[in-house]
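Only one structure is covered here, and it is reproduced in the block below.
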Amino acid sequence: MEIKKIVTGALDENCYVLIKNKECLIVDPGSDYPNIKEQIGDNKVLGVLITHSHFDHIGALRNFLTKRSIKIFKKSNLEEKEYTIGSFNFKCLYTPGHSKDSVTFFFEEEKVMFVGDFIFKESIGRTDLPGGDEKDMQNSIQKILQYDEEIKLYPGHYETTTLKEEKENNPYLQ
């Protein structure tokens, strides 16, 4: 699976375009639809994955809503289970704390997680915004710590990391 990162908007939100077999999924379409569309290229968009509904993660979502063949995956229509869409297999994990609707998308075969604003390199998402909750965040952290340390984490802001790096360097995960 090819993963393209597009940094969008005033808050430098990470949007990801996942490409496999000429099909793609979009993770957290920020506010720069023309750039996202350029990265999609000739690949067929099958769906949009939303890690949480804060404005900086969904600014370009409206551009995908007009296309009936594109499915939108967000907490309100997801269960904690495995999904297959086209060539992609992923699991939805509920990871509230930063927001009530925070989810993580885990692509087990590729050993990657798209964590939104749940975990950042050497930090975690804020819990003081509306819908944030410190206790929920701690429970989500304990859940994620059960996974393989080699998993690469793709956050909603900043740089990618691994679960191992975070276990070793992130004070919130120790």
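A note on labels: chains of the structure tokens are A, B, ... as shown, every chain counts residues from 1, and ligands are counted from 1 in their shown order.
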Chain A: which residues are strand (DSSP E or B) by DSSP, as a PyMOL selection string?
chain A and resi 2-8+13-20+23-27+44-49+71-73+82-85+88-94+103-107+112-116+119-120+123-124+152-155+157+161-162
With only C-alpha atoms counted and 12 Å as the cut-off, give the residues of region 44-133 of chain A in contact with region 28-40 of chain A, each with its shortest interatomic distance in Å and the pair that gives it, as a tab-separated table.
```
residue	atom	partner	partner_atom	distance
A:Lys44	CA	A:Ile40	CA	7.8
A:Val45	CA	A:Ile40	CA	7.6
A:Leu46	CA	A:Ile40	CA	11.1
A:Gly47	CA	A:Asp28	CA	10.9
A:Val48	CA	A:Asp28	CA	7.2
A:Leu49	CA	A:Asp28	CA	6.2
A:Ile50	CA	A:Asp28	CA	5.0
A:Thr51	CA	A:Asp28	CA	6.5
A:His52	CA	A:Asp28	CA	8.1
A:Ser53	CA	A:Asp28	CA	8.8
A:His54	CA	A:Asp28	CA	9.7
A:Phe55	CA	A:Gly30	CA	8.0
A:Asp56	CA	A:Gly30	CA	5.5
A:His57	CA	A:Gly30	CA	4.7
A:Ile58	CA	A:Gly30	CA	5.3
A:Gly59	CA	A:Ser31	CA	4.4
A:Ala60	CA	A:Ser31	CA	4.9
A:Leu61	CA	A:Pro29	CA	5.9
A:Arg62	CA	A:Pro29	CA	9.4
A:Asn63	CA	A:Tyr33	CA	7.2
A:Phe64	CA	A:Pro29	CA	9.1
A:Leu65	CA	A:Pro29	CA	11.6
A:Ile72	CA	A:Asp28	CA	10.5
A:Phe73	CA	A:Asp28	CA	10.2
A:Lys74	CA	A:Asp28	CA	10.0
A:Ser102	CA	A:Asp28	CA	11.7
A:Val103	CA	A:Asp28	CA	11.4
A:Thr104	CA	A:Asp28	CA	11.4
A:Phe105	CA	A:Asp28	CA	11.1
A:Phe114	CA	A:Asp28	CA	9.4
A:Val115	CA	A:Asp28	CA	10.3
A:Gly116	CA	A:Asp28	CA	7.8
A:Asp117	CA	A:Asp28	CA	10.7
```
So what do you get for CA of Thr162 (chain A) versus CA of Leu78 (chain A), distance-wise?
25.0 Å
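Of the listed residues A:Glu122, A:Lys4, A:Leu25, A:Lys67, the one whose atoms come nearest to Thr84 (chain A) is A:Leu25, with distances taken using only C-alpha atoms.
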Once DSSP has gone over the backbone, tell me which residues of region 3-164 of chain A are in helix (DSSP H, G or I), as number ranges by chain.
A: 33-40, 55-58, 61-65, 75-77, 134-144, 163-164
Would you kindly return, as a ChimeraX atom specification, each protein, DNA or RNA residue with an atom no farther than 6 Å from any atom of region 106-108 of chain A, considering only C-alpha atoms and excluding same-chain residues fewer than 5 positions away?
/A:90-91,113
CA of Phe118 (chain A) to CA of Glu80 (chain A) measures 16.4 Å
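Between Val17 (chain A) and the candidates A:Glu149, A:Glu2, A:Asp136, A:Glu110, the tightest atom-to-atom separation, counting only C-alpha atoms, involves A:Glu2.
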Let me make sure I understand: among A:Asp42, A:Glu109, A:Asp128, A:Glu82, which one has the smallest atom-to-atom distance to Met1 (chain A) if we use only C-alpha atoms?
A:Glu109
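Across the structure, CA of Lys5 (chain A) and CA of Asn43 (chain A) are spaced 15.6 Å apart.
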Pick out the residues sitting within 9 Å of Leu173 (chain A), and hand them over as a VMD selection string; count only C-alpha atoms, and ignore anything fewer than 3 positions along from it in its own chain.
chain A and resid 122 to 124 138 141 to 142 145 166 to 170
Hey, which of A:Ile119, A:Cys15, A:Ile85, A:Ile151 ends up closest to Ser69 (chain A)? Count only C-alpha atoms.
A:Ile85
So that I can check the surroundings of Ile144 (chain A), please list as a VMD selection string every protein, DNA and RNA residue that reaches within 9 Å of it, counting only C-alpha atoms and ignoring chain neighbours fewer than 3 positions away.
chain A and resid 93 95 139 to 141 147 163
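The smallest atom-to-atom distance between Tyr16 (chain A) and any of A:Ile3, A:Leu153, A:Asp101, A:Arg126, using only C-alpha atoms, is found for A:Ile3.
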